[in-house]
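Before any comments, here is the structure.
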Amino acid sequence: MPEPLIKIEGLYKLFGNKPASVMPLVHEGRSKDDILAETGHTLGLKDINLTINKGEIFVIMGLSGSGKSTLIRHFNRLIDPTEGVIKVDNIDVMKLSSKELEQFRRHKMSMVFQRFGLMPHRTVLENVGYGLSIQGKSKAEWTAKATEWLETVGLAGYEAQYPAQLSGGQQQRVGLARALCTDAEILLMDEAFSALDPLIRSEMQDQLIELQDKLHKTIIFITHDLDEALRLGDRIAILKDGEMVQQGTPDDILLNPATDYVEAFVKDVNRARALTVETVMKPPSRRITADTIAEALVQMKAIKGDYGYYVNADGYQGVVTQDALEACSDDSQKMSNKVWEDMPGISPDAMLESVIPETLEGKYPLPVVDEDGNLKGELSRSNLAGVLGGGSAENDAGKKSVIEAKQ
Amino acid sequence: MADSSWLTKFPQMDRVDLVEIRKGLDSAYRDFSREYGEVIESVFDPLLMFLVWFEKLLLTTPWWIIIVAVAALVYLVSRSWKLSLGVVVSFLAIGYFGMWEDTMRTLSIITVCTLMAIGLGIPIGIVMARSDKARSVITPMLDIMQTMPAFVYLIPVVMLLGIGKIPGVIAVIIYAIPPVIRLTNLGIRLVDSEVMEAATAYGANPTQRLFGVQLPLAMPTIMAGINQTIMMALSMVVIASMIGVKGLGQPVLKSITNQYFTLGLFNGLAIVALAIIFDRVSQAYAKRTQRHMQGIENA
């Protein structure tokens, strides 16, 4: 059961001289452009409601100007909202005094910045230990911890360098180590990998996923890159012009875009890399569970076809064909591995990309089998073509089958 | 006829009124200075004592100890043998040409003025960087300080405190302090906002942000301001000598009135030598403390 850690309710942010006096206009539902023209105030965020669970990677995605960087700065109140409630671990962040807020920032959250935000006059080690050093920890203590984290991100040996002496990717590793060094439960990542070149970016994504498997932090990740969002996110929220357009799991967003805007976004995504077998497969309808050949033949008739997947008490065994069953001389014979053909199943968690060759080459749709050997579904060529072939709306058939499979 | 004279002649205030205003202001200020002059003077007494003590120290210490001490200080700050050697050579030349005492007097007053200008200027610059309101008040004041001819603000200072070291110091500081204030403000305002955000996001309090991030990162700019302040203080030496500040300025003043070209030139060159020493040493120090910038140059 997911445990909510951060809650944002009815968050509004107006930029301008007298935001409070303009709020009534916002509540009247006037558009962003109207408000700007009439009052000179920019509506940065409008009625944002979010719940972020413990231990998940929550991605906030949007193009530049969508308010995503403004939103992430509300979590630790680098920016104060005009209206709204921010609760972290049941602490109302808006009610903290400036001293309490400092403590909250020191222990609860840490942040990684797009342009790294490293202090150029401090060495790499001093940068990593910065959070602990301002907490008043002794030098020995933060040095030890910072050294450890530098090693974890793969930068051992760079302790005495200055940030300007490192490459972009290395600098962001320092940024990441600095964020992890305070042991804060929540990690805010503001376009953390956007300034890096593609190869380094995907390396950093891998590293983040790997670290997250060990650390189970709650990560709020901002990005403008949907591929990155789909890759990292347990859940994704899409922002447009300061409004939340859609919230959901990556599959949800890909397969059921809520608006044209999201759909346009999703269109160019490489679905083979973003979707798993589980989301595309059909429920298993060709299950053969009989003990004897005769019973198997009966079951085969019932499922209308000339093949089936044989499952016994030990789970999925292989594929049986009508021809093979009929070729047996004795009907009362028990099912045995001479009757079924060996056909390896694919994992429901596998990315579609990785199973394309098998799907295309196989004589039959591929059986989807989980770790315990249970037959979960089957993946046919037409399934695959349906999802990968069309955009989203154009290919209704493929989409429908996918949705059915999910239900 | 009489009615249209304002077209050809500026409709000026009545002479009598103008004289009244002048007299009124002058006598009011005179009364003020008679009334409070001594009190204000006594406020500056500790500074005066320090100035006298410091000057005496430089004058009574044997010349070779001073040269060794200065050379050592220069080396400590700049870590450059060449610079230290240059300083020794120029001090020897100054002494050889008979300007040792005047140079020591100038050195003492300039050192004190610069230290005071830095001590006052950096905090004012910090205040200015923190509040736009403070900036909008201080900026025009700095403009006035930099453009008002030095002689003009010398008058009230002399009226209030008489002739001597303290009015000289005040005049020099008024003239020389604007760059360090302006550049402290500028340097802090130019600190990368993401770095500041990072400090805030990790829970740094305002003091930690100021001393841990803003001042260190603004240091190159602040050092440029300090450098300018030193140069401007030195350029005030001659004017300060008009109100009785002893030192290299007085021979220059004497040379102007008596047309002694060579005397003026020598003393002028001694001022230049001091200026160059201050400049190079402060710059070498700034460069050495900003080692982290080296990476940027290499990259």
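Here, A, B, ... name the chains of the structure tokens in the order displayed, residue numbers run from 1 inside each chain, and ligands are numbered from 1 in the same displayed order.
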Selection: 8 Å around A:Ile303, only C-alpha atoms, excl. self and same-chain fewer than 4 positions, as an NGL selection string
:A and (285-286 or 299)
Give me the residues of chain A that have any atom at most 7 Å from an atom of chain B; for each, the nearest atom pair and the distance in Å, rounded to one decimal. Use only C-alpha atoms, sort by chain and number, and format it as JSON lines.
```
{"residue": "A:Asn76", "atom": "CA", "partner": "B:Ala201", "partner_atom": "CA", "distance": 6.8}
{"residue": "A:Leu78", "atom": "CA", "partner": "B:Ala201", "partner_atom": "CA", "distance": 6.9}
{"residue": "A:Glu102", "atom": "CA", "partner": "B:Gly203", "partner_atom": "CA", "distance": 4.5}
{"residue": "A:Gln103", "atom": "CA", "partner": "B:Gly203", "partner_atom": "CA", "distance": 6.4}
{"residue": "A:Arg105", "atom": "CA", "partner": "B:Gly203", "partner_atom": "CA", "distance": 4.8}
{"residue": "A:Arg106", "atom": "CA", "partner": "B:Gly203", "partner_atom": "CA", "distance": 4.7}
{"residue": "A:Ser110", "atom": "CA", "partner": "B:Tyr202", "partner_atom": "CA", "distance": 6.2}
{"residue": "A:Met111", "atom": "CA", "partner": "B:Ala201", "partner_atom": "CA", "distance": 6.6}
{"residue": "A:Gly117", "atom": "CA", "partner": "B:Val195", "partner_atom": "CA", "distance": 4.4}
{"residue": "A:Leu118", "atom": "CA", "partner": "B:Val195", "partner_atom": "CA", "distance": 6.1}
{"residue": "A:Met119", "atom": "CA", "partner": "B:Val195", "partner_atom": "CA", "distance": 6.2}
{"residue": "A:Pro120", "atom": "CA", "partner": "B:His292", "partner_atom": "CA", "distance": 6.6}
{"residue": "A:His121", "atom": "CA", "partner": "B:His292", "partner_atom": "CA", "distance": 5.6}
{"residue": "A:Gly131", "atom": "CA", "partner": "B:Tyr202", "partner_atom": "CA", "distance": 5.5}
{"residue": "A:Ile134", "atom": "CA", "partner": "B:Ala204", "partner_atom": "CA", "distance": 6.1}
{"residue": "A:Tyr162", "atom": "CA", "partner": "B:His292", "partner_atom": "CA", "distance": 5.9}
{"residue": "A:Ala164", "atom": "CA", "partner": "B:Gly295", "partner_atom": "CA", "distance": 5.1}
{"residue": "A:Gln165", "atom": "CA", "partner": "B:Gly295", "partner_atom": "CA", "distance": 4.7}
```
Generate the output file for the selected residues, N, CA and C atoms, as a PDB file, in the first residue's frame.
```pdb
ATOM      1  N   ASN A  76      10.499  22.925  -1.077  1.00  0.00           N
ATOM      2  CA  ASN A  76      11.332  23.373   0.036  1.00  0.00           C
ATOM      3  C   ASN A  76      11.248  24.880   0.223  1.00  0.00           C
ATOM      4  N   LEU A  78      11.768  27.431  -1.669  1.00  0.00           N
ATOM      5  CA  LEU A  78      12.650  28.423  -2.278  1.00  0.00           C
ATOM      6  C   LEU A  78      11.765  29.491  -2.901  1.00  0.00           C
ATOM      7  N   GLU A 102      14.796  26.276   8.069  1.00  0.00           N
ATOM      8  CA  GLU A 102      16.205  25.902   7.877  1.00  0.00           C
ATOM      9  C   GLU A 102      16.438  24.447   8.293  1.00  0.00           C
ATOM     10  N   GLN A 103      15.918  24.094   9.458  1.00  0.00           N
ATOM     11  CA  GLN A 103      16.086  22.717   9.936  1.00  0.00           C
ATOM     12  C   GLN A 103      15.427  21.731   8.982  1.00  0.00           C
ATOM     13  N   ARG A 105      14.897  22.115   5.779  1.00  0.00           N
ATOM     14  CA  ARG A 105      15.701  21.981   4.560  1.00  0.00           C
ATOM     15  C   ARG A 105      16.962  21.159   4.808  1.00  0.00           C
ATOM     16  N   ARG A 106      17.512  21.286   6.005  1.00  0.00           N
ATOM     17  CA  ARG A 106      18.759  20.568   6.290  1.00  0.00           C
ATOM     18  C   ARG A 106      18.555  19.065   6.372  1.00  0.00           C
ATOM     19  N   SER A 110      16.868  17.310  -0.005  1.00  0.00           N
ATOM     20  CA  SER A 110      18.055  17.882  -0.625  1.00  0.00           C
ATOM     21  C   SER A 110      17.740  18.067  -2.094  1.00  0.00           C
ATOM     22  N   MET A 111      18.586  18.786  -2.781  1.00  0.00           N
ATOM     23  CA  MET A 111      18.210  19.215  -4.130  1.00  0.00           C
ATOM     24  C   MET A 111      19.393  19.119  -5.085  1.00  0.00           C
ATOM     25  N   GLY A 117      24.812  23.984  -9.609  1.00  0.00           N
ATOM     26  CA  GLY A 117      24.782  24.786  -8.382  1.00  0.00           C
ATOM     27  C   GLY A 117      25.904  24.452  -7.413  1.00  0.00           C
ATOM     28  N   LEU A 118      27.045  24.046  -7.945  1.00  0.00           N
ATOM     29  CA  LEU A 118      28.176  23.751  -7.058  1.00  0.00           C
ATOM     30  C   LEU A 118      28.886  25.053  -6.694  1.00  0.00           C
ATOM     31  N   MET A 119      29.564  25.023  -5.545  1.00  0.00           N
ATOM     32  CA  MET A 119      30.248  26.241  -5.123  1.00  0.00           C
ATOM     33  C   MET A 119      31.657  26.214  -5.685  1.00  0.00           C
ATOM     34  N   PRO A 120      31.948  27.153  -6.592  1.00  0.00           N
ATOM     35  CA  PRO A 120      33.214  27.096  -7.314  1.00  0.00           C
ATOM     36  C   PRO A 120      34.428  27.278  -6.418  1.00  0.00           C
ATOM     37  N   HIS A 121      34.246  27.877  -5.241  1.00  0.00           N
ATOM     38  CA  HIS A 121      35.410  28.139  -4.394  1.00  0.00           C
ATOM     39  C   HIS A 121      35.664  27.023  -3.400  1.00  0.00           C
ATOM     40  N   GLY A 131      26.237  20.191   2.912  1.00  0.00           N
ATOM     41  CA  GLY A 131      25.010  20.070   3.701  1.00  0.00           C
ATOM     42  C   GLY A 131      25.310  19.754   5.156  1.00  0.00           C
ATOM     43  N   ILE A 134      27.106  22.758   7.103  1.00  0.00           N
ATOM     44  CA  ILE A 134      26.269  23.850   7.622  1.00  0.00           C
ATOM     45  C   ILE A 134      25.333  23.370   8.725  1.00  0.00           C
ATOM     46  N   TYR A 162      38.701  21.254  -7.904  1.00  0.00           N
ATOM     47  CA  TYR A 162      37.611  22.236  -7.860  1.00  0.00           C
ATOM     48  C   TYR A 162      36.592  21.892  -8.950  1.00  0.00           C
ATOM     49  N   ALA A 164      35.266  23.427 -11.303  1.00  0.00           N
ATOM     50  CA  ALA A 164      35.544  23.882 -12.666  1.00  0.00           C
ATOM     51  C   ALA A 164      36.516  22.958 -13.391  1.00  0.00           C
ATOM     52  N   GLN A 165      37.205  22.105 -12.638  1.00  0.00           N
ATOM     53  CA  GLN A 165      38.156  21.205 -13.277  1.00  0.00           C
ATOM     54  C   GLN A 165      37.501  19.918 -13.762  1.00  0.00           C
TER      55      GLN A 165
END
```
Apply DSSP to the structure's backbone, then extract all residues of stretch 226-390 of chain A labelled alpha helix (DSSP H) and return them as number ranges by chain. A: 226-232, 250-255, 260-267, 271-274, 277-280, 293-302, 322-327, 352-361, 381-389
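Taking atom CA of B:Ile94 and atom CA of B:Ile271 as the two end points, the separation is 9.9 Å.
Residues lying within 7 Å of A:Val277, counting only C-alpha atoms and ignoring same-chain neighbours fewer than 5 positions away, are Pro348, Asp349, Ala350, Met351 and Leu352 of chain A.
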Selection export as a CSV table (one decimal), in the first residue's frame, atoms kept: C-alpha atoms:
```csv
chain,number,residue,atom,x,y,z
A,348,PRO,CA,5.9,-9.7,-18.2
A,349,ASP,CA,8.4,-7.0,-17.1
A,350,ALA,CA,10.5,-7.2,-20.3
A,351,MET,CA,10.5,-4.1,-22.5
A,352,LEU,CA,8.7,-4.7,-25.8
```
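Residue nearest B:Thr184 within the list B:Met236, B:Leu248, B:Met219, B:Met49: B:Met219 [criterion: smallest interatomic distance, only C-alpha atoms].
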List the neighbours of B:Leu58 out to 9 Å using only C-alpha atoms; skip same-chain residues closer than 2 positions along the sequence, and give me the result as a ChimeraX atom specification. /B:53-56,60-63,66,101,104-105,107-108
Residue neighbourhood B:Leu263, 12 Å, only C-alpha atoms, exclusion window fewer than 2 positions, as a PDB file with N, CA and C atoms, in the first residue's frame:
```pdb
ATOM      1  N   PHE B  97      66.994  59.181  -2.367  1.00  0.00           N
ATOM      2  CA  PHE B  97      66.686  60.523  -2.860  1.00  0.00           C
ATOM      3  C   PHE B  97      66.101  61.415  -1.771  1.00  0.00           C
ATOM      4  N   GLY B  98      66.222  61.011  -0.514  1.00  0.00           N
ATOM      5  CA  GLY B  98      65.864  61.874   0.615  1.00  0.00           C
ATOM      6  C   GLY B  98      64.388  62.033   0.879  1.00  0.00           C
ATOM      7  N   MET B  99      63.568  61.033   0.490  1.00  0.00           N
ATOM      8  CA  MET B  99      62.134  61.181   0.709  1.00  0.00           C
ATOM      9  C   MET B  99      61.605  60.163   1.721  1.00  0.00           C
ATOM     10  N   LEU B 248      54.235  63.066   1.353  1.00  0.00           N
ATOM     11  CA  LEU B 248      54.755  63.348   0.018  1.00  0.00           C
ATOM     12  C   LEU B 248      53.990  64.471  -0.672  1.00  0.00           C
ATOM     13  N   GLY B 249      52.789  64.749  -0.213  1.00  0.00           N
ATOM     14  CA  GLY B 249      51.987  65.791  -0.860  1.00  0.00           C
ATOM     15  C   GLY B 249      52.542  67.180  -0.623  1.00  0.00           C
ATOM     16  N   GLN B 250      53.109  67.400   0.556  1.00  0.00           N
ATOM     17  CA  GLN B 250      53.546  68.755   0.883  1.00  0.00           C
ATOM     18  C   GLN B 250      54.673  69.274  -0.019  1.00  0.00           C
ATOM     19  N   PRO B 251      55.714  68.478  -0.263  1.00  0.00           N
ATOM     20  CA  PRO B 251      56.739  68.947  -1.208  1.00  0.00           C
ATOM     21  C   PRO B 251      56.150  69.249  -2.578  1.00  0.00           C
ATOM     22  N   VAL B 252      55.151  68.447  -3.003  1.00  0.00           N
ATOM     23  CA  VAL B 252      54.537  68.686  -4.316  1.00  0.00           C
ATOM     24  C   VAL B 252      53.848  70.050  -4.294  1.00  0.00           C
ATOM     25  N   LEU B 253      53.125  70.327  -3.214  1.00  0.00           N
ATOM     26  CA  LEU B 253      52.441  71.602  -3.080  1.00  0.00           C
ATOM     27  C   LEU B 253      53.456  72.753  -3.125  1.00  0.00           C
ATOM     28  N   LYS B 254      54.572  72.538  -2.403  1.00  0.00           N
ATOM     29  CA  LYS B 254      55.626  73.546  -2.369  1.00  0.00           C
ATOM     30  C   LYS B 254      56.180  73.767  -3.780  1.00  0.00           C
ATOM     31  N   SER B 255      56.346  72.685  -4.526  1.00  0.00           N
ATOM     32  CA  SER B 255      56.899  72.789  -5.873  1.00  0.00           C
ATOM     33  C   SER B 255      55.976  73.579  -6.786  1.00  0.00           C
ATOM     34  N   ILE B 256      54.660  73.435  -6.592  1.00  0.00           N
ATOM     35  CA  ILE B 256      53.734  74.172  -7.451  1.00  0.00           C
ATOM     36  C   ILE B 256      53.890  75.668  -7.202  1.00  0.00           C
ATOM     37  N   THR B 257      53.888  76.037  -5.920  1.00  0.00           N
ATOM     38  CA  THR B 257      53.945  77.464  -5.619  1.00  0.00           C
ATOM     39  C   THR B 257      55.297  78.061  -5.971  1.00  0.00           C
ATOM     40  N   ASN B 258      56.384  77.268  -5.896  1.00  0.00           N
ATOM     41  CA  ASN B 258      57.717  77.821  -6.153  1.00  0.00           C
ATOM     42  C   ASN B 258      58.318  77.392  -7.483  1.00  0.00           C
ATOM     43  N   GLN B 259      57.557  76.640  -8.247  1.00  0.00           N
ATOM     44  CA  GLN B 259      58.016  76.142  -9.548  1.00  0.00           C
ATOM     45  C   GLN B 259      59.314  75.339  -9.445  1.00  0.00           C
ATOM     46  N   TYR B 260      59.354  74.414  -8.452  1.00  0.00           N
ATOM     47  CA  TYR B 260      60.486  73.486  -8.366  1.00  0.00           C
ATOM     48  C   TYR B 260      60.102  72.225  -9.136  1.00  0.00           C
ATOM     49  N   PHE B 261      60.477  72.151 -10.391  1.00  0.00           N
ATOM     50  CA  PHE B 261      60.002  71.009 -11.198  1.00  0.00           C
ATOM     51  C   PHE B 261      60.539  69.673 -10.695  1.00  0.00           C
ATOM     52  N   LEU B 265      58.631  66.379  -9.318  1.00  0.00           N
ATOM     53  CA  LEU B 265      58.716  65.121 -10.061  1.00  0.00           C
ATOM     54  C   LEU B 265      59.135  63.970  -9.155  1.00  0.00           C
ATOM     55  N   PHE B 266      60.190  64.189  -8.339  1.00  0.00           N
ATOM     56  CA  PHE B 266      60.670  63.125  -7.458  1.00  0.00           C
ATOM     57  C   PHE B 266      59.569  62.651  -6.522  1.00  0.00           C
ATOM     58  N   ASN B 267      58.911  63.635  -5.867  1.00  0.00           N
ATOM     59  CA  ASN B 267      57.870  63.244  -4.920  1.00  0.00           C
ATOM     60  C   ASN B 267      56.688  62.582  -5.619  1.00  0.00           C
ATOM     61  N   GLY B 268      56.403  63.117  -6.816  1.00  0.00           N
ATOM     62  CA  GLY B 268      55.337  62.494  -7.605  1.00  0.00           C
ATOM     63  C   GLY B 268      55.683  61.046  -7.913  1.00  0.00           C
ATOM     64  N   LEU B 269      56.943  60.804  -8.309  1.00  0.00           N
ATOM     65  CA  LEU B 269      57.360  59.441  -8.629  1.00  0.00           C
ATOM     66  C   LEU B 269      57.282  58.534  -7.399  1.00  0.00           C
ATOM     67  N   ALA B 270      57.607  59.123  -6.230  1.00  0.00           N
ATOM     68  CA  ALA B 270      57.506  58.310  -5.011  1.00  0.00           C
ATOM     69  C   ALA B 270      56.060  57.881  -4.775  1.00  0.00           C
TER      70      ALA B 270
END
```
- Residues at most 12 Å from B:Glu35, counting only C-alpha atoms, excluding those fewer than 5 positions away in the same chain, as JSON, numbers by chain? {"B": [27, 28, 29, 30, 40, 41, 159, 160, 161]}
Take the residues from that selection and write them out as a PDB file, in the first residue's frame, keeping C-alpha atoms.
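Okay, out-v7.pdb is ready:
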```pdb
ATOM      1  CA  SER B  27      26.555  81.305  10.470  1.00  0.00           C
ATOM      2  CA  ALA B  28      24.317  78.373  11.315  1.00  0.00           C
ATOM      3  CA  TYR B  29      27.100  75.960  10.420  1.00  0.00           C
ATOM      4  CA  ARG B  30      29.639  78.095  12.239  1.00  0.00           C
ATOM      5  CA  ILE B  40      32.980  65.688  17.502  1.00  0.00           C
ATOM      6  CA  GLU B  41      36.724  66.151  17.663  1.00  0.00           C
ATOM      7  CA  MET B 159      35.523  74.389   9.770  1.00  0.00           C
ATOM      8  CA  LEU B 160      34.424  71.625  12.074  1.00  0.00           C
ATOM      9  CA  LEU B 161      37.696  69.935  12.942  1.00  0.00           C
TER      10      LEU B 161
END
```
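In this comparison, which uses only C-alpha atoms, the residue of A:Ala192, A:Ala179, A:Ala290, A:Thr123 approaching A:Gly157 most closely is A:Thr123.
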**Asked** Skipping near chain neighbours, those fewer than 5 positions away, what residues fall within 10 Å of A:Val112 using only C-alpha atoms, listed as a list in words?
**Response** Gly117, Leu118, Gln172, Arg173, Val174, Gly175, Leu176, Ala177, Arg178, Ala179, Leu180, Leu187, Leu188, Met189, Asp190, Glu191, Ala192, Phe193 and Phe221 of chain A; Ala198 and Ala201 of chain B
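Compared by their closest atoms to A:Val311, and using only C-alpha atoms, the residues A:Arg273, A:Val85, A:Asn374, A:Tyr261 rank with A:Asn374 nearest.
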*Enumerate as number ranges by chain all residues of stretch 88-298 of chain A assigned to strand (DSSP E or B) by DSSP on the backbone, naming them with the chain letters and numbers the document uses.*
A: 88, 91-92, 109-112, 186-190, 218-223, 235-240, 243-248, 276, 282, 287-288, 292
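Take atom CA of A:Gln170 and atom CA of A:Thr218: the distance between them is 23.2 Å.
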Of B:Asp31, B:Ile243, B:Met128, B:Arg79, the one nearest to B:Gly162 when counting only C-alpha atoms is B:Ile243
